[in-house]
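Have a look at upload_5.pdb below; it lists PDB, C-alpha atoms.
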ATOM      1  CA  MET A   1       7.143  21.584 -15.276
ATOM      2  CA  THR A   2       4.521  21.319 -18.006
ATOM      3  CA  GLU A   3       0.827  21.645 -17.264
ATOM      4  CA  ASN A   4       0.223  17.989 -18.173
ATOM      5  CA  LYS A   5       3.051  16.805 -15.910
ATOM      6  CA  LEU A   6       1.656  18.907 -13.066
ATOM      7  CA  LYS A   7      -1.794  17.380 -13.617
ATOM      8  CA  TYR A   8      -0.497  13.812 -13.450
ATOM      9  CA  ASN A   9       1.608  14.576 -10.362
ATOM     10  CA  PHE A  10      -1.525  15.945  -8.696
ATOM     11  CA  LEU A  11      -3.393  12.718  -9.553
ATOM     12  CA  LEU A  12      -0.625  10.703  -7.887
ATOM     13  CA  LEU A  13      -0.911  12.772  -4.717
ATOM     14  CA  LEU A  14      -4.691  12.355  -4.823
ATOM     15  CA  THR A  15      -4.183   8.591  -5.071
ATOM     16  CA  ALA A  16      -1.891   8.606  -2.031
ATOM     17  CA  MET A  17      -4.428  10.714  -0.107
ATOM     18  CA  ILE A  18      -7.244   8.253  -0.900
ATOM     19  CA  TRP A  19      -5.095   5.323   0.238
ATOM     20  CA  GLY A  20      -3.959   7.191   3.368
ATOM     21  CA  PHE A  21      -7.501   8.084   4.441
ATOM     22  CA  ALA A  22      -8.470   4.437   3.845
ATOM     23  CA  PHE A  23      -6.709   3.655   7.144
ATOM     24  CA  VAL A  24      -9.249   5.908   8.868
ATOM     25  CA  ALA A  25     -12.111   4.084   7.141
ATOM     26  CA  GLN A  26     -10.655   0.739   8.202
ATOM     27  CA  VAL A  27     -10.470   1.840  11.844
ATOM     28  CA  GLU A  28     -14.071   3.047  11.696
ATOM     29  CA  GLY A  29     -15.219  -0.153   9.974
ATOM     30  CA  ILE A  30     -13.794  -2.555  12.546
ATOM     31  CA  GLU A  31     -16.026  -1.005  15.184
ATOM     32  CA  HIS A  32     -18.880  -2.922  13.528
ATOM     33  CA  VAL A  33     -17.361  -5.931  11.730
ATOM     34  CA  GLY A  34     -14.438  -8.313  12.158
ATOM     35  CA  PRO A  35     -11.148  -8.058  10.211
ATOM     36  CA  PHE A  36     -12.024 -10.837   7.745
ATOM     37  CA  THR A  37     -15.494  -9.410   7.161
ATOM     38  CA  MET A  38     -14.007  -5.981   6.530
ATOM     39  CA  ASN A  39     -11.430  -7.315   4.077
ATOM     40  CA  GLY A  40     -13.808  -9.742   2.398
ATOM     41  CA  THR A  41     -16.516  -7.177   1.707
ATOM     42  CA  ARG A  42     -14.220  -4.335   0.674
ATOM     43  CA  PHE A  43     -12.134  -6.453  -1.687
ATOM     44  CA  ALA A  44     -15.285  -8.022  -3.147
ATOM     45  CA  LEU A  45     -16.693  -4.553  -3.750
ATOM     46  CA  GLY A  46     -13.329  -3.440  -5.135
ATOM     47  CA  THR A  47     -13.310  -6.426  -7.498
ATOM     48  CA  VAL A  48     -16.717  -5.451  -8.864
ATOM     49  CA  SER A  49     -15.818  -1.746  -9.128
ATOM     50  CA  LEU A  50     -12.690  -2.565 -11.119
ATOM     51  CA  ILE A  51     -14.554  -4.531 -13.816
ATOM     52  CA  PRO A  52     -15.527  -1.462 -15.913
ATOM     53  CA  VAL A  53     -11.965  -0.138 -15.540
ATOM     54  CA  VAL A  54     -10.532  -3.414 -16.854
ATOM     55  CA  LEU A  55     -12.997  -3.475 -19.740
ATOM     56  CA  PHE A  56     -12.205   0.126 -20.697
ATOM     57  CA  PHE A  57      -8.409   0.144 -20.407
ATOM     58  CA  GLU A  58      -7.543  -3.462 -21.279
ATOM     59  CA  ARG A  59     -10.336  -4.710 -23.482
ATOM     60  CA  GLY A  60      -9.540  -7.248 -26.176
ATOM     61  CA  ARG A  61      -9.030 -10.976 -26.445
ATOM     62  CA  THR A  62      -6.206 -12.834 -24.746
ATOM     63  CA  ASP A  63      -4.807 -16.197 -25.770
ATOM     64  CA  LYS A  64      -5.014 -19.327 -23.633
ATOM     65  CA  ALA A  65      -1.373 -19.163 -22.545
ATOM     66  CA  GLU A  66      -1.723 -15.597 -21.276
ATOM     67  CA  ARG A  67      -4.956 -16.393 -19.435
ATOM     68  CA  LYS A  68      -3.293 -19.363 -17.715
ATOM     69  CA  LYS A  69      -0.287 -17.252 -16.770
ATOM     70  CA  THR A  70      -2.571 -14.516 -15.434
ATOM     71  CA  VAL A  71      -4.472 -16.962 -13.237
ATOM     72  CA  ILE A  72      -1.266 -18.499 -11.816
ATOM     73  CA  TYR A  73       0.508 -15.191 -11.225
ATOM     74  CA  SER A  74      -2.606 -13.535  -9.775
ATOM     75  CA  THR A  75      -3.042 -16.415  -7.333
ATOM     76  CA  ILE A  76       0.568 -16.220  -6.119
ATOM     77  CA  ALA A  77       0.503 -12.440  -5.695
ATOM     78  CA  GLY A  78      -3.030 -12.633  -4.278
ATOM     79  CA  LEU A  79      -1.845 -14.950  -1.492
ATOM     80  CA  ALA A  80       0.801 -12.398  -0.529
ATOM     81  CA  LEU A  81      -1.767  -9.585  -0.699
ATOM     82  CA  PHE A  82      -4.219 -11.601   1.425
ATOM     83  CA  SER A  83      -1.522 -12.180   4.073
ATOM     84  CA  ALA A  84      -0.460  -8.523   4.051
ATOM     85  CA  SER A  85      -3.995  -7.133   4.281
ATOM     86  CA  THR A  86      -4.964  -9.674   6.963
ATOM     87  CA  PHE A  87      -2.049  -8.820   9.258
ATOM     88  CA  GLN A  88      -2.680  -5.128   8.622
ATOM     89  CA  GLN A  89      -6.406  -5.300   9.359
ATOM     90  CA  ILE A  90      -6.006  -7.388  12.528
ATOM     91  CA  GLY A  91      -3.135  -5.195  13.726
ATOM     92  CA  LEU A  92      -5.165  -2.096  12.976
ATOM     93  CA  SER A  93      -8.124  -3.511  14.907
ATOM     94  CA  ILE A  94      -5.861  -3.723  17.970
ATOM     95  CA  THR A  95      -3.996  -0.397  17.713
ATOM     96  CA  LYS A  96      -7.092   1.464  16.462
ATOM     97  CA  SER A  97      -4.712   4.087  15.117
ATOM     98  CA  ALA A  98      -4.697   5.132  11.472
ATOM     99  CA  GLY A  99      -1.407   7.007  11.868
ATOM    100  CA  VAL A 100       0.538   4.240  13.611
ATOM    101  CA  SER A 101      -0.819   1.662  11.168
ATOM    102  CA  GLY A 102       0.028   3.813   8.161
ATOM    103  CA  PHE A 103       3.605   4.513   9.183
ATOM    104  CA  ILE A 104       4.462   0.943  10.218
ATOM    105  CA  THR A 105       2.906  -0.410   7.017
ATOM    106  CA  ALA A 106       4.878   2.099   4.918
ATOM    107  CA  LEU A 107       8.155   0.570   6.112
ATOM    108  CA  TYR A 108       7.812  -1.883   3.213
ATOM    109  CA  THR A 109       9.211   0.826   0.925
ATOM    110  CA  ILE A 110      12.511   0.527   2.801
ATOM    111  CA  PHE A 111      12.376  -3.258   3.221
ATOM    112  CA  ILE A 112      12.084  -3.812  -0.546
ATOM    113  CA  PRO A 113      15.666  -2.841  -1.522
ATOM    114  CA  ILE A 114      17.057  -4.706   1.496
ATOM    115  CA  VAL A 115      15.228  -7.911   0.534
ATOM    116  CA  CYS A 116      16.303  -7.472  -3.103
ATOM    117  CA  LEU A 117      19.918  -7.263  -1.913
ATOM    118  CA  PHE A 118      19.722 -10.746  -0.376
ATOM    119  CA  LEU A 119      17.535 -12.349  -3.057
ATOM    120  CA  PHE A 120      18.816 -10.754  -6.249
ATOM    121  CA  LYS A 121      22.155  -9.191  -5.180
ATOM    122  CA  THR A 122      20.789  -5.766  -6.070
ATOM    123  CA  LYS A 123      23.050  -2.932  -4.976
ATOM    124  CA  ILE A 124      21.628  -0.677  -2.260
ATOM    125  CA  ARG A 125      22.252   3.054  -2.546
ATOM    126  CA  ALA A 126      23.627   4.947   0.452
ATOM    127  CA  ASN A 127      20.453   7.012   0.803
ATOM    128  CA  VAL A 128      18.431   3.793   1.266
ATOM    129  CA  TRP A 129      20.607   2.836   4.247
ATOM    130  CA  LEU A 130      20.168   6.364   5.626
ATOM    131  CA  GLY A 131      16.410   6.013   5.155
ATOM    132  CA  ALA A 132      16.443   2.663   6.971
ATOM    133  CA  VAL A 133      18.286   4.163   9.953
ATOM    134  CA  CYS A 134      15.835   7.071  10.124
ATOM    135  CA  ALA A 135      12.910   4.638   9.946
ATOM    136  CA  VAL A 136      14.295   2.541  12.822
ATOM    137  CA  VAL A 137      14.771   5.663  14.966
ATOM    138  CA  GLY A 138      11.273   6.812  14.053
ATOM    139  CA  LEU A 139       9.743   3.435  14.867
ATOM    140  CA  PHE A 140      11.416   3.532  18.289
ATOM    141  CA  LEU A 141      10.037   7.015  19.006
ATOM    142  CA  LEU A 142       6.595   6.020  17.720
ATOM    143  CA  CYS A 143       6.494   3.089  20.145
ATOM    144  CA  TYR A 144       8.010   5.010  23.071
ATOM    145  CA  VAL A 145       5.426   6.043  25.638
ATOM    146  CA  PRO A 146       6.530   9.020  27.817
ATOM    147  CA  GLY A 147       6.692   7.925  31.429
ATOM    148  CA  GLU A 148       6.332   4.243  30.534
ATOM    149  CA  GLY A 149       9.254   3.583  28.218
ATOM    150  CA  PHE A 150       9.444   1.542  25.022
ATOM    151  CA  SER A 151       6.202  -0.358  24.475
ATOM    152  CA  VAL A 152       5.372  -2.635  21.565
ATOM    153  CA  GLY A 153       1.972  -4.312  21.629
ATOM    154  CA  LEU A 154       0.531  -7.165  19.621
ATOM    155  CA  GLY A 155      -1.027  -4.715  17.158
ATOM    156  CA  GLU A 156       2.301  -3.111  16.291
ATOM    157  CA  ILE A 157       3.932  -6.537  15.911
ATOM    158  CA  LEU A 158       1.215  -7.716  13.515
ATOM    159  CA  LEU A 159       1.482  -4.501  11.480
ATOM    160  CA  PHE A 160       5.256  -4.973  11.314
ATOM    161  CA  ILE A 161       4.846  -8.563  10.090
ATOM    162  CA  GLY A 162       2.289  -7.295   7.599
ATOM    163  CA  SER A 163       4.782  -4.773   6.211
ATOM    164  CA  TRP A 164       7.054  -7.699   5.260
ATOM    165  CA  PHE A 165       4.176  -9.312   3.384
ATOM    166  CA  TRP A 166       3.592  -5.975   1.624
ATOM    167  CA  THR A 167       7.274  -6.135   0.705
ATOM    168  CA  ALA A 168       6.809  -9.639  -0.736
ATOM    169  CA  HIS A 169       3.711  -8.524  -2.622
ATOM    170  CA  VAL A 170       5.423  -5.550  -4.287
ATOM    171  CA  ILE A 171       8.385  -7.699  -5.334
ATOM    172  CA  LEU A 172       6.067 -10.380  -6.721
ATOM    173  CA  VAL A 173       4.068  -7.807  -8.666
ATOM    174  CA  ASP A 174       7.290  -6.383 -10.103
ATOM    175  CA  ARG A 175       8.637  -9.817 -11.073
ATOM    176  CA  LEU A 176       5.421 -11.440 -12.290
ATOM    177  CA  GLY A 177       3.393  -8.572 -13.671
ATOM    178  CA  LYS A 178       5.658  -7.509 -16.518
ATOM    179  CA  THR A 179       4.502 -10.160 -18.992
ATOM    180  CA  ILE A 180       0.733  -9.914 -18.478
ATOM    181  CA  ARG A 181      -1.881  -7.155 -18.550
ATOM    182  CA  SER A 182      -1.570  -5.108 -15.373
ATOM    183  CA  LEU A 183      -5.282  -4.555 -14.708
ATOM    184  CA  HIS A 184      -6.122  -8.220 -15.355
ATOM    185  CA  PHE A 185      -3.325  -9.083 -12.929
ATOM    186  CA  ALA A 186      -4.643  -6.672 -10.276
ATOM    187  CA  TRP A 187      -8.243  -7.800 -10.719
ATOM    188  CA  GLY A 188      -7.215 -11.454 -10.302
ATOM    189  CA  GLN A 189      -5.429 -10.629  -7.054
ATOM    190  CA  PHE A 190      -8.501  -8.886  -5.665
ATOM    191  CA  VAL A 191     -10.610 -11.949  -6.524
ATOM    192  CA  VAL A 192      -8.196 -14.177  -4.575
ATOM    193  CA  VAL A 193      -8.143 -11.868  -1.542
ATOM    194  CA  SER A 194     -11.921 -11.442  -1.449
ATOM    195  CA  LEU A 195     -12.588 -15.202  -1.729
ATOM    196  CA  LEU A 196     -10.041 -16.121   0.955
ATOM    197  CA  SER A 197     -11.208 -13.347   3.290
ATOM    198  CA  LEU A 198     -14.872 -14.267   2.868
ATOM    199  CA  ALA A 199     -14.034 -17.935   3.548
ATOM    200  CA  CYS A 200     -12.184 -16.952   6.756
ATOM    201  CA  MET A 201     -15.101 -14.690   7.670
ATOM    202  CA  VAL A 202     -17.459 -17.663   7.584
ATOM    203  CA  ILE A 203     -15.039 -19.906   9.514
ATOM    204  CA  PHE A 204     -13.702 -17.544  12.184
ATOM    205  CA  GLU A 205     -16.319 -14.801  12.548
ATOM    206  CA  GLU A 206     -20.033 -14.398  12.966
ATOM    207  CA  PRO A 207     -20.906 -11.490  10.673
ATOM    208  CA  THR A 208     -24.338  -9.919  10.745
ATOM    209  CA  LEU A 209     -26.146  -7.894   8.116
ATOM    210  CA  GLY A 210     -26.626  -5.192  10.727
ATOM    211  CA  GLY A 211     -22.881  -4.972  11.359
ATOM    212  CA  ILE A 212     -22.100  -4.819   7.644
ATOM    213  CA  TYR A 213     -24.781  -2.152   7.181
ATOM    214  CA  ASN A 214     -23.304  -0.064  10.020
ATOM    215  CA  ALA A 215     -19.862  -0.338   8.400
ATOM    216  CA  ARG A 216     -21.234   0.410   4.933
ATOM    217  CA  MET A 217     -19.541   3.811   4.525
ATOM    218  CA  SER A 218     -16.137   2.384   5.456
ATOM    219  CA  ILE A 219     -16.636  -0.597   3.136
ATOM    220  CA  LEU A 220     -17.786   1.667   0.302
ATOM    221  CA  TYR A 221     -14.807   3.977   0.726
ATOM    222  CA  CYS A 222     -12.256   1.162   0.896
ATOM    223  CA  GLY A 223     -13.902  -0.851  -1.871
ATOM    224  CA  VAL A 224     -14.863   1.787  -4.429
ATOM    225  CA  LEU A 225     -12.478   4.695  -3.767
ATOM    226  CA  SER A 226      -9.396   2.904  -2.412
ATOM    227  CA  VAL A 227      -9.511   0.096  -4.990
ATOM    228  CA  GLY A 228     -11.567   1.136  -8.016
ATOM    229  CA  VAL A 229     -10.898   4.896  -8.210
ATOM    230  CA  ALA A 230      -7.381   5.064  -6.730
ATOM    231  CA  TYR A 231      -6.059   2.151  -8.752
ATOM    232  CA  THR A 232      -7.442   3.701 -11.934
ATOM    233  CA  LEU A 233      -5.785   7.033 -11.094
ATOM    234  CA  GLN A 234      -2.504   5.217 -10.452
ATOM    235  CA  VAL A 235      -2.607   3.430 -13.805
ATOM    236  CA  VAL A 236      -3.460   6.614 -15.705
ATOM    237  CA  ALA A 237      -1.072   8.996 -13.917
ATOM    238  CA  GLN A 238       1.967   6.772 -13.389
ATOM    239  CA  LYS A 239       2.473   6.363 -17.144
ATOM    240  CA  LYS A 240       3.001  10.109 -17.566
ATOM    241  CA  ALA A 241       4.406  11.296 -14.232
ATOM    242  CA  ASP A 242       8.047  11.448 -13.224
ATOM    243  CA  PRO A 243       9.045   8.057 -11.693
ATOM    244  CA  THR A 244      10.925   9.618  -8.771
ATOM    245  CA  PHE A 245       8.021  11.898  -7.914
ATOM    246  CA  ALA A 246       5.654   8.919  -8.223
ATOM    247  CA  ALA A 247       7.633   6.973  -5.610
ATOM    248  CA  ILE A 248       7.681   9.946  -3.236
ATOM    249  CA  ALA A 249       3.985  10.649  -3.825
ATOM    250  CA  PHE A 250       2.995   7.086  -2.965
ATOM    251  CA  SER A 251       5.173   7.142   0.159
ATOM    252  CA  SER A 252       3.142  10.159   1.378
ATOM    253  CA  GLU A 253       0.271   7.724   1.980
ATOM    254  CA  SER A 254       1.506   7.270   5.563
ATOM    255  CA  VAL A 255       1.445  11.048   6.150
ATOM    256  CA  PHE A 256      -2.158  11.245   4.939
ATOM    257  CA  SER A 257      -3.078   8.361   7.273
ATOM    258  CA  ALA A 258      -1.763  10.340  10.252
ATOM    259  CA  VAL A 259      -3.481  13.537   9.074
ATOM    260  CA  GLY A 260      -6.747  11.639   8.652
ATOM    261  CA  GLY A 261      -6.422  10.071  12.093
ATOM    262  CA  ALA A 262      -5.895  13.509  13.645
ATOM    263  CA  ILE A 263      -8.737  15.176  11.713
ATOM    264  CA  PHE A 264     -11.282  12.512  12.644
ATOM    265  CA  GLY A 265     -10.064  12.286  16.245
ATOM    266  CA  ILE A 266      -9.301   8.555  16.235
ATOM    267  CA  ASP A 267      -5.563   8.867  16.980
ATOM    268  CA  ASN A 268      -3.941   9.576  20.318
ATOM    269  CA  ILE A 269      -0.284   9.842  19.339
ATOM    270  CA  SER A 270       2.092  11.676  21.691
ATOM    271  CA  LEU A 271       4.253  14.584  20.553
ATOM    272  CA  LEU A 272       7.258  12.240  20.635
ATOM    273  CA  GLY A 273       5.286   9.796  18.512
ATOM    274  CA  TYR A 274       4.694  12.459  15.879
ATOM    275  CA  VAL A 275       8.427  13.183  15.897
ATOM    276  CA  GLY A 276       8.875   9.463  15.231
ATOM    277  CA  CYS A 277       6.388   9.708  12.366
ATOM    278  CA  GLY A 278       8.481  12.545  10.976
ATOM    279  CA  PHE A 279      11.624  10.408  11.100
ATOM    280  CA  ILE A 280       9.854   7.547   9.342
ATOM    281  CA  ALA A 281       8.412   9.878   6.692
ATOM    282  CA  PHE A 282      11.843  11.414   6.077
ATOM    283  CA  GLY A 283      13.430   7.953   5.908
ATOM    284  CA  ILE A 284      10.841   6.739   3.402
ATOM    285  CA  ILE A 285      11.192   9.797   1.181
ATOM    286  CA  ILE A 286      15.009   9.908   1.231
ATOM    287  CA  ALA A 287      15.076   6.205   0.359
ATOM    288  CA  GLN A 288      13.015   6.856  -2.777
ATOM    289  CA  LEU A 289      15.284   9.545  -4.197
ATOM    290  CA  VAL A 290      17.672   8.718  -6.987
ATOM    291  CA  PHE A 291      20.836  10.798  -6.975
ATOM    292  CA  GLU A 292      22.504  10.702 -10.349
ATOM    293  CA  LYS A 293      26.117  11.689 -10.767
ATOM    294  CA  ARG A 294      26.500  14.633 -13.088
ATOM    295  CA  SER A 295      28.918  14.129 -15.921
ATOM    296  CA  LYS A 296      32.043  16.304 -16.104
ATOM    297  CA  LYS A 297      30.687  17.903 -19.247
ATOM    298  CA  ALA A 298      27.489  18.883 -17.435
ATOM    299  CA  GLU A 299      29.461  20.285 -14.514
ATOM    300  CA  ASP A 300      31.518  22.483 -16.815
ATOM    301  CA  LYS A 301      28.443  24.193 -18.225
TER     302      LYS A 301
END

Turn the structure described in the file into structure tokens.
Amino acid sequence: MTENKLKYNFLLLLTAMIWGFAFVAQVEGIEHVGPFTMNGTRFALGTVSLIPVVLFFERGRTDKAERKKTVIYSTIAGLALFSASTFQQIGLSITKSAGVSGFITALYTIFIPIVCLFLFKTKIRANVWLGAVCAVVGLFLLCYVPGEGFSVGLGEILLFIGSWFWTAHVILVDRLGKTIRSLHFAWGQFVVVSLLSLACMVIFEEPTLGGIYNARMSILYCGVLSVGVAYTLQVVAQKKADPTFAAIAFSSESVFSAVGGAIFGIDNISLLGYVGCGFIAFGIIIAQLVFEKRSKKAEDK
């Protein structure tokens, strides 16, 4: 592996770590503000922090047709992102567990090929099915409470629903984002999410400046690091890194969420639950791998 390749792979892992620890920041933030306030402020801050990135990487004029397409596509994907982040934040506010939230959310990486099978008749590789089975076993163990049996609360259900919206969002980004500038597309989505979340904040919550101030470190982390910095690292590194490693690196986000929850003492997952996390992590990683058949000529060498 070349030095440059190693550098870009490291940046991908750093991106996953930032996103994983964002679950910890979200848990800390909801102690002071409501879910819509948390999402509204962090996405608004993320929108602002991404402006210099957009201007640096994708500066230049765009024609009217592309601007119109960007607005339409960003709105559609932004609605999916708003739904996903809303279910995640509300579910997280109930479970108050970065690890559980991270692993249930990460199931979208397995849902994507399954949804594509039904929508686009895309063939599913055997290792994806194996990953799905491992994830189901892991989810069962994660939700199994020793001495009490299998227990699924409202928080877990909302996180699970949210993972399907994350699935929809990734598919929409893949289908819609190929013909427009990626950073313009991302920035437009963040605008949609921040506006919708702030509107819901005003309607459904009673935010205070004191609460927002107390949650400032969580909002700053999620807004600046998780959106502005991490997204920039993703754009820069993913163009040079190995695609298979990139998929595995991003799937490690759930592992970092559990590590962060343990380090900061906000998680209370049983030993069996951590075994379940291991099953889910293995399922996610094995589902990302691409096994190519070696040609006969290569085998003879």

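Straight-line separation from CA of Ala215 in chain A to CA of Val53 in chain A: 25.2 Å.
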
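The interatomic distance for the pair CA of Thr105 in chain A and CA of Gly155 in chain A works out to 11.7 Å.
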
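Put simply, the PyMOL selection byres ((chain A and resi 89-102) around 7) in this file takes in Phe23, Val24, Val27, Ile30, Pro35, Ser85, Thr86, Phe87, Gln88, Phe103, Ile104, Thr105, Ala106, Gly155, Glu156, Leu158, Leu159, Ser254, Ser257, Ala258, Gly261, Ile266 and Asp267 of chain A.
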
For this session: Find the residues near range 218-234 of chain A: any atom within 10 Å, counting only C-alpha atoms, skip ones fewer than 5 places away on the same chain, and give them as a PyMOL selection string.
Result: chain A and resi 8+11-30+37-54+57+183+186-187+190+212-213+239+241+246+250

Exercise. To one decimal place, how far is CA of Ile286 in chain A from CA of Ala132 in chain A in Å?
Worked result: 9.4 Å

Seminar exercise, completed: Closest of A:Ile180, A:Leu6, A:Ile124, A:Val133 to Arg67 in chain A, counting all atoms listed in the file, is A:Ile180

For this session: Could you list the residues chosen by the PyMOL selection byres ((chain A and resi 143) around 10) in this structure as a ChimeraX atom specification?
Result: /A:100,138-142,144-146,149-153,156,269-270,272-273,276

For this session: Considering all atoms listed in the file, return as a list in words whatever protein or nucleic-acid residues lie within 6 Å of range 127-131 of chain A, sequence-local ones (same chain, fewer than 5 positions apart) excluded.
Result: Gly283, Ile284, Ile286 and Ala287 of chain A

Generate the output file for the selected residues, C-alpha atoms, as a compact mmCIF listing (two decimals), keeping the file's coordinate frame.
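out_36.txt written:
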# COMPACT_ATOMS: atom_id res chain seq x y z
CA GLY A 283 13.43 7.95 5.91
CA ILE A 284 10.84 6.74 3.40
CA ILE A 286 15.01 9.91 1.23
CA ALA A 287 15.08 6.20 0.36

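Closest approach to Tyr108 in chain A among A:Val193, A:Val170, A:Ile157, A:Ile203: A:Val170, based on all atoms listed in the file.
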
For this session: Step by step, work through what the PyMOL selection byres ((chain A and resi 73) around 9) selects in the shown file, and finish by giving those residues as a list in words.
Result: Lys68, Lys69, Thr70, Val71, Ile72, Ser74, Thr75, Ile76, Ala77, Gly78, Leu172, Val173, Leu176, Gly177, Ile180, Phe185, Gly188 and Gln189 of chain A

If I wrap all listed atoms of range 65-71 of chain A in a box with edges along x, y and z and add 5 Å on each side, what are its centre and edge lengths in Å to one decimal, as AutoDock Vina command-line options?
--center_x -2.6 --center_y -16.9 --center_z -17.9 --size_x 14.7 --size_y 14.8 --size_z 19.3

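Candidate residues A:Val33, A:Cys200, A:Val115, A:Ala65 were compared for distance to Thr179 in chain A, and the nearest is A:Ala65, using only C-alpha atoms.
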
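Among the candidate residues A:Ala237, A:Val192, A:Ala247, A:Val255, the one lying nearest to Asn4 in chain A is A:Ala237, with distances computed using all atoms listed in the file.
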
Exercise. For Phe111 in chain A, which residue out of A:Val137, A:Thr167, A:Arg181, A:Glu205 is the nearest one, using all atoms listed in the file?
Worked result: A:Thr167

Exercise. Between A:Arg61, A:Lys7, A:Lys123, A:His169, which is the closest to Ser83 in chain A once you count all atoms listed in the file?
Worked result: A:His169
